[in-house]
Amino acid sequence: MTHGFATRAIHDGQEFDPTTGAIIPPIYQTSTFVQDGIGGLRGGYEYGRAGNPTRTSLEVLLASLEGGVRALSFASGLAAEDALLRSVLAPGDHVVLGNDVYGGTHRLIERIHGAWEVRNTTVDLTDLDAVREALGVDRTRVLWIETPSNPLMKISDLAALAELGHAAGALVVVDNTFASPVLQQPLSLGADVVVHSTTKYLGGHSDVIGGALVFADEALAEKAQFIQFAAGAVSSPMDAWLTVRGIKTLDVRMKRHSENAQAIAEALVGHDGVDAVFYPGLPEHPGHELAARQMSGFGGMLSVALSGGAPAARRFAESTRVFQLAESLGGVESLIGYPSEMTHASVRGTALEVPDTIVRLSVGIEDVTDLLADVEQALEG
């Protein structure tokens, strides 16, 4: 019997402890494992970098929620991305990615892998003809998709892009951090690999750093696992346990995040001082109909463009009280950020530069009336 999402989020990979009956599996806070004779491994575990039961619990859970054959848990989202890229790229290879991709992803591909002669092209992923042209570059190995995108909330057609990528012989990778597996299932739409910063919605409580890869193909998972083992970017037992703890409430949290963000987006439309609201739940958003088809909700992230320019945007970001000025997103508490000098500072001066009028909101699960009042007073100030 296949259980529903919320049931799997609470139970998959989380069998009770057989020794004590503890309903929550213990944290295996250990670096190594005693062997029953040389090579006689108990449960396949020998050393913490190679594997740990707490990490396995999280990986089984993530594979279940994303509908993959296997998942790997990493020390951070960028560590996960790096391991994947090193699994499939060689000097001279080419990557196609969105022109408003997360700044850290672009920095990794452009500056770290670029130093090893990996090339990249950024393109508007909503323009399928432009994507097709970019994929035609010799030795294109990866099509990297982020939808909704960060921070302008562009919606890309996953099924159409997967078809284009595969026709060009490229691996199709989707960063599903903003939507989470509650709202979007990229593997079911044709993607080969899903990437997560588990720091965000999966962990959900701003108390853990982590990343993950979920695979549709076992052979590719084996390659990435070797890179993870050889380079060592594994999540710690405590971080894995905290992420599992967070995922148990993911389903209900994402619904509240989405409800609150929808209310704030609607309140900001047409507000004095606001030029534009970027949120796929708004009917006027250019990706609204597509998002409604490939997502089951619109998420907790939105951005606004302030009509008073950079000074107004900075003033707004620094004037909220319930929304805390901080990097990151996806926690139960609401955060506000100024991408051009915070999350996307690394792409200033490039084609991916975020306008300095943009402020990004990670809408939490607080009482929505308090959030609305906070945004209102900050705009009036």
# chains A, B, ... in the order shown; residues from 1 in each chain; ligands from 1
>>> residues_around(residues="Ala50 (chain A)", least_positions_apart="2", cutoff="12 Å", atoms="only C-alpha atoms", output="PyMOL selection string")
chain A and resi 31-33+44-48+52-53+55-56+72-74+225-236
>>> residues_around(residues="Leu125 (chain A)", least_positions_apart="5", cutoff="7 Å", atoms="only C-alpha atoms", output="MDAnalysis selection string")
chainID A and resid 98 131 156
>>> closest_residue(among="A:Ile38, A:Val304, A:Leu183, A:Val88", to="Ala267 (chain A)", atoms="only C-alpha atoms")
A:Val304
>>> closest_residue(among="A:Leu128, A:Val194, A:Leu84, A:Leu242", to="Ile109 (chain A)", atoms="only C-alpha atoms")
A:Leu84
>>> residues_around(residues="region 115-121 of chain A", least_positions_apart="3", cutoff="12 Å", atoms="only C-alpha atoms", output="NGL selection string")
:A and (85-86 or 88-101 or 105-112 or 124-125 or 130-144 or 351-352)
>>> write_last_selection(atoms="N, CA and C atoms", output="tab-separated table (two decimals), in the first residue's frame")
chain	number	residue	atom	x	y	z
A	85	LEU	N	27.88	17.97	-9.92
A	85	LEU	CA	28.59	18.51	-11.08
A	85	LEU	C	29.88	17.75	-11.33
A	86	ARG	N	30.59	17.42	-10.27
A	86	ARG	CA	31.83	16.67	-10.44
A	86	ARG	C	31.58	15.23	-10.89
A	88	VAL	N	29.44	14.44	-13.23
A	88	VAL	CA	29.01	14.37	-14.64
A	88	VAL	C	29.80	15.27	-15.57
A	89	LEU	N	30.65	16.16	-15.05
A	89	LEU	CA	31.34	17.12	-15.91
A	89	LEU	C	32.83	16.85	-16.00
A	90	ALA	N	33.42	17.25	-17.13
A	90	ALA	CA	34.86	17.21	-17.35
A	90	ALA	C	35.26	18.54	-17.98
A	91	PRO	N	36.52	18.91	-17.94
A	91	PRO	CA	36.96	20.15	-18.58
A	91	PRO	C	36.51	20.21	-20.04
A	92	GLY	N	35.95	21.36	-20.41
A	92	GLY	CA	35.44	21.54	-21.76
A	92	GLY	C	33.95	21.32	-21.88
A	93	ASP	N	33.32	20.74	-20.86
A	93	ASP	CA	31.87	20.53	-20.89
A	93	ASP	C	31.13	21.85	-20.68
A	94	HIS	N	29.83	21.82	-20.98
A	94	HIS	CA	29.02	23.04	-20.99
A	94	HIS	C	27.75	22.82	-20.18
A	95	VAL	N	27.36	23.83	-19.39
A	95	VAL	CA	26.15	23.81	-18.57
A	95	VAL	C	25.24	24.95	-19.00
A	96	VAL	N	23.96	24.67	-19.13
A	96	VAL	CA	22.94	25.70	-19.39
A	96	VAL	C	22.15	25.89	-18.11
A	97	LEU	N	22.00	27.14	-17.69
A	97	LEU	CA	21.25	27.42	-16.47
A	97	LEU	C	20.47	28.71	-16.61
A	98	GLY	N	19.49	28.90	-15.73
A	98	GLY	CA	18.62	30.06	-15.80
A	98	GLY	C	19.36	31.36	-15.53
A	99	ASN	N	18.85	32.45	-16.11
A	99	ASN	CA	19.52	33.74	-15.95
A	99	ASN	C	19.13	34.47	-14.67
A	100	ASP	N	18.35	33.85	-13.81
A	100	ASP	CA	18.17	34.40	-12.46
A	100	ASP	C	18.26	33.28	-11.42
A	101	VAL	N	19.19	32.35	-11.70
A	101	VAL	CA	19.46	31.26	-10.78
A	101	VAL	C	20.05	31.81	-9.49
A	105	THR	N	24.76	29.18	-6.76
A	105	THR	CA	24.88	28.17	-7.81
A	105	THR	C	25.68	28.71	-8.97
A	106	HIS	N	25.38	29.93	-9.40
A	106	HIS	CA	26.12	30.53	-10.50
A	106	HIS	C	27.59	30.70	-10.13
A	107	ARG	N	27.86	31.14	-8.91
A	107	ARG	CA	29.25	31.31	-8.45
A	107	ARG	C	30.00	29.98	-8.49
A	108	LEU	N	29.34	28.90	-8.05
A	108	LEU	CA	29.96	27.59	-8.06
A	108	LEU	C	30.32	27.16	-9.48
A	109	ILE	N	29.38	27.32	-10.40
A	109	ILE	CA	29.60	26.88	-11.78
A	109	ILE	C	30.57	27.80	-12.51
A	110	GLU	N	30.41	29.10	-12.33
A	110	GLU	CA	31.22	30.09	-13.06
A	110	GLU	C	32.65	30.17	-12.53
A	111	ARG	N	32.80	30.25	-11.22
A	111	ARG	CA	34.12	30.55	-10.68
A	111	ARG	C	34.89	29.31	-10.20
A	112	ILE	N	34.19	28.33	-9.66
A	112	ILE	CA	34.89	27.13	-9.20
A	112	ILE	C	35.07	26.14	-10.35
A	124	ASP	N	17.09	32.74	-20.32
A	124	ASP	CA	15.74	32.81	-19.77
A	124	ASP	C	15.05	31.48	-20.02
A	125	LEU	N	14.84	30.70	-18.97
A	125	LEU	CA	14.29	29.36	-19.13
A	125	LEU	C	12.82	29.36	-19.53
A	130	ALA	N	15.16	29.95	-26.89
A	130	ALA	CA	16.49	30.35	-26.40
A	130	ALA	C	17.17	29.18	-25.70
A	131	VAL	N	16.41	28.40	-24.96
A	131	VAL	CA	16.97	27.22	-24.29
A	131	VAL	C	17.46	26.22	-25.32
A	132	ARG	N	16.65	25.98	-26.35
A	132	ARG	CA	17.04	25.02	-27.39
A	132	ARG	C	18.35	25.45	-28.06
A	133	GLU	N	18.49	26.74	-28.31
A	133	GLU	CA	19.71	27.25	-28.92
A	133	GLU	C	20.91	27.06	-27.99
A	134	ALA	N	20.73	27.36	-26.72
A	134	ALA	CA	21.82	27.21	-25.76
A	134	ALA	C	22.23	25.76	-25.61
A	135	LEU	N	21.26	24.86	-25.65
A	135	LEU	CA	21.56	23.43	-25.54
A	135	LEU	C	22.33	22.91	-26.74
A	136	GLY	N	22.31	23.66	-27.82
A	136	GLY	CA	23.02	23.25	-29.03
A	136	GLY	C	24.52	23.47	-28.97
A	137	VAL	N	24.99	24.15	-27.94
A	137	VAL	CA	26.43	24.34	-27.77
A	137	VAL	C	27.11	22.99	-27.58
A	138	ASP	N	28.25	22.82	-28.22
A	138	ASP	CA	28.97	21.55	-28.16
A	138	ASP	C	29.27	21.13	-26.72
A	139	ARG	N	29.09	19.85	-26.44
A	139	ARG	CA	29.38	19.22	-25.15
A	139	ARG	C	28.53	19.78	-24.02
A	140	THR	N	27.28	20.10	-24.32
A	140	THR	CA	26.35	20.47	-23.25
A	140	THR	C	25.97	19.21	-22.49
A	141	ARG	N	26.26	19.22	-21.20
A	141	ARG	CA	26.03	18.03	-20.38
A	141	ARG	C	24.90	18.19	-19.37
A	142	VAL	N	24.61	19.44	-18.97
A	142	VAL	CA	23.64	19.67	-17.89
A	142	VAL	C	22.72	20.84	-18.25
A	143	LEU	N	21.43	20.64	-18.03
A	143	LEU	CA	20.45	21.73	-18.03
A	143	LEU	C	20.00	21.91	-16.60
A	144	TRP	N	20.30	23.08	-16.03
A	144	TRP	CA	20.04	23.35	-14.61
A	144	TRP	C	18.83	24.27	-14.49
A	351	ALA	N	25.18	39.47	-15.92
A	351	ALA	CA	23.84	39.43	-16.51
A	351	ALA	C	22.80	38.94	-15.52
A	352	LEU	N	23.24	38.35	-14.41
A	352	LEU	CA	22.32	37.83	-13.40
A	352	LEU	C	22.06	38.82	-12.28
>>> residues_around(residues="His205 (chain A)", least_positions_apart="2", cutoff="12 Å", atoms="only C-alpha atoms", output="mmCIF file with N, CA and C atoms, in the first residue's frame")
data_model
loop_
_atom_site.group_PDB
_atom_site.id
_atom_site.type_symbol
_atom_site.label_atom_id
_atom_site.label_comp_id
_atom_site.auth_asym_id
_atom_site.auth_seq_id
_atom_site.Cartn_x
_atom_site.Cartn_y
_atom_site.Cartn_z
ATOM 1 N N THR A 198 18.465 21.584 2.080
ATOM 2 C CA THR A 198 17.579 21.118 3.153
ATOM 3 C C THR A 198 17.561 22.092 4.327
ATOM 4 N N THR A 199 18.473 23.054 4.289
ATOM 5 C CA THR A 199 18.483 24.151 5.261
ATOM 6 C C THR A 199 17.142 24.868 5.286
ATOM 7 N N LYS A 200 16.480 24.917 4.141
ATOM 8 C CA LYS A 200 15.318 25.777 3.955
ATOM 9 C C LYS A 200 14.041 25.074 4.420
ATOM 10 N N TYR A 201 13.101 24.826 3.533
ATOM 11 C CA TYR A 201 11.791 24.321 3.950
ATOM 12 C C TYR A 201 11.845 22.922 4.550
ATOM 13 N N LEU A 202 12.741 22.067 4.066
ATOM 14 C CA LEU A 202 12.769 20.703 4.596
ATOM 15 C C LEU A 202 13.126 20.706 6.076
ATOM 16 N N GLY A 203 14.202 21.382 6.443
ATOM 17 C CA GLY A 203 14.531 21.534 7.862
ATOM 18 C C GLY A 203 13.496 22.398 8.553
ATOM 19 N N ASP A 207 17.697 25.993 11.986
ATOM 20 C CA ASP A 207 18.653 25.500 12.973
ATOM 21 C C ASP A 207 19.583 24.427 12.423
ATOM 22 N N VAL A 208 19.636 24.278 11.103
ATOM 23 C CA VAL A 208 20.469 23.237 10.515
ATOM 24 C C VAL A 208 20.876 23.650 9.096
ATOM 25 N N ILE A 209 22.107 23.306 8.700
ATOM 26 C CA ILE A 209 22.587 23.502 7.336
ATOM 27 C C ILE A 209 22.676 22.132 6.683
ATOM 28 N N ASP A 239 22.669 16.884 12.248
ATOM 29 C CA ASP A 239 22.022 17.651 11.183
ATOM 30 C C ASP A 239 20.991 16.804 10.447
ATOM 31 N N LEU A 242 17.928 16.428 12.749
ATOM 32 C CA LEU A 242 17.134 17.654 12.799
ATOM 33 C C LEU A 242 16.317 17.844 11.519
ATOM 34 N N THR A 243 16.902 17.463 10.389
ATOM 35 C CA THR A 243 16.179 17.604 9.118
ATOM 36 C C THR A 243 14.992 16.648 9.061
ATOM 37 N N VAL A 244 15.193 15.417 9.510
ATOM 38 C CA VAL A 244 14.071 14.474 9.580
ATOM 39 C C VAL A 244 12.985 15.021 10.493
ATOM 40 N N ARG A 245 13.395 15.544 11.634
ATOM 41 C CA ARG A 245 12.424 16.137 12.563
ATOM 42 C C ARG A 245 11.612 17.236 11.880
ATOM 43 N N GLY A 246 12.293 18.081 11.106
ATOM 44 C CA GLY A 246 11.592 19.152 10.424
ATOM 45 C C GLY A 246 10.616 18.653 9.372
ATOM 46 N N ILE A 247 11.017 17.626 8.636
ATOM 47 C CA ILE A 247 10.190 17.116 7.538
ATOM 48 C C ILE A 247 8.862 16.561 8.036
ATOM 49 N N LYS A 248 8.809 16.110 9.265
ATOM 50 C CA LYS A 248 7.561 15.546 9.784
ATOM 51 C C LYS A 248 6.392 16.529 9.667
ATOM 52 N N THR A 249 6.658 17.819 9.764
ATOM 53 C CA THR A 249 5.590 18.816 9.682
ATOM 54 C C THR A 249 5.609 19.581 8.356
ATOM 55 N N LEU A 250 6.383 19.094 7.380
ATOM 56 C CA LEU A 250 6.534 19.823 6.118
ATOM 57 C C LEU A 250 5.205 20.069 5.422
ATOM 58 N N ARG A 253 3.203 22.765 7.204
ATOM 59 C CA ARG A 253 3.908 24.047 7.158
ATOM 60 C C ARG A 253 3.800 24.697 5.779
ATOM 61 N N SER A 328 18.914 33.615 4.052
ATOM 62 C CA SER A 328 18.207 32.339 4.088
ATOM 63 C C SER A 328 16.692 32.511 3.955
ATOM 64 N N LEU A 329 15.984 31.405 4.099
ATOM 65 C CA LEU A 329 14.545 31.371 3.854
ATOM 66 C C LEU A 329 14.006 30.035 4.329
ATOM 67 N N GLY A 330 12.688 29.921 4.314
ATOM 68 C CA GLY A 330 12.049 28.627 4.521
ATOM 69 C C GLY A 330 11.824 28.209 5.961
ATOM 70 N N GLY A 331 12.184 29.052 6.916
ATOM 71 C CA GLY A 331 11.930 28.711 8.301
ATOM 72 C C GLY A 331 10.528 29.106 8.727
ATOM 73 N N VAL A 332 10.136 28.673 9.916
ATOM 74 C CA VAL A 332 8.796 29.000 10.407
ATOM 75 C C VAL A 332 8.651 30.496 10.669
ATOM 76 N N GLU A 333 9.774 31.189 10.907
ATOM 77 C CA GLU A 333 9.725 32.627 11.130
ATOM 78 C C GLU A 333 9.901 33.363 9.792
ATOM 79 N N SER A 334 9.298 34.535 9.697
ATOM 80 C CA SER A 334 9.377 35.320 8.475
ATOM 81 C C SER A 334 10.694 36.084 8.414
ATOM 82 N N GLY A 364 6.687 33.418 6.792
ATOM 83 C CA GLY A 364 6.625 32.340 7.763
ATOM 84 C C GLY A 364 5.207 31.901 8.067
ATOM 85 N N ILE A 365 5.044 31.253 9.201
ATOM 86 C CA ILE A 365 3.734 30.689 9.556
ATOM 87 C C ILE A 365 3.120 31.408 10.754
#
>>> residues_around(residues="Gly190 (chain A)", least_positions_apart="2", cutoff="10 Å", atoms="only C-alpha atoms", output="list in words")
Leu158, Ala159, Ala160, Leu161, Ala162, Glu163, Gly165, His166, Val172, Val173, Val174, Gln185, Pro186, Leu187, Ser188, Asp192, Val193 and Ala216 of chain A
>>> atom_distance(atom1="CA of Met153 (chain A)", atom2="CA of Phe178 (chain A)")
9.3 Å
>>> residues_around(residues="region 292-298 of chain A", least_positions_apart="2", cutoff="9 Å", atoms="only C-alpha atoms", output="VMD selection string")
chain A and resid 148 157 to 159 179 182 to 186 189 254 to 255 258 to 259 261 to 262 279 to 281 287 to 290 300 to 301
>>> atom_distance(atom1="CA of Ala373 (chain A)", atom2="CA of Leu335 (chain A)")
14.8 Å
>>> atom_distance(atom1="CA of Arg42 (chain A)", atom2="CA of Tyr28 (chain A)")
13.7 Å
>>> select_by_dssp(residues="region 80-287 of chain A", states="strand (DSSP E or B)", output="PyMOL selection string")
chain A and resi 94-98+119-123+140-146+171-175+193-197+211-215+234+274-278
>>> closest_residue(among="A:Asn150, A:Ser64, A:Ser180, A:Thr20", to="Pro339 (chain A)", atoms="only C-alpha atoms")
A:Asn150
>>> closest_residue(among="A:Pro355, A:Pro283, A:Pro25, A:Gly114", to="Ile10 (chain A)", atoms="only C-alpha atoms")
A:Pro25
>>> closest_residue(among="A:Asn260, A:Ile24, A:Gly349, A:Ala326", to="Thr369 (chain A)", atoms="only C-alpha atoms")
A:Asn260
>>> select_by_dssp(residues="region 231-266 of chain A", states="helix (DSSP H, G or I)", output="VMD selection string")
chain A and resid 231 237 to 247 250 to 266
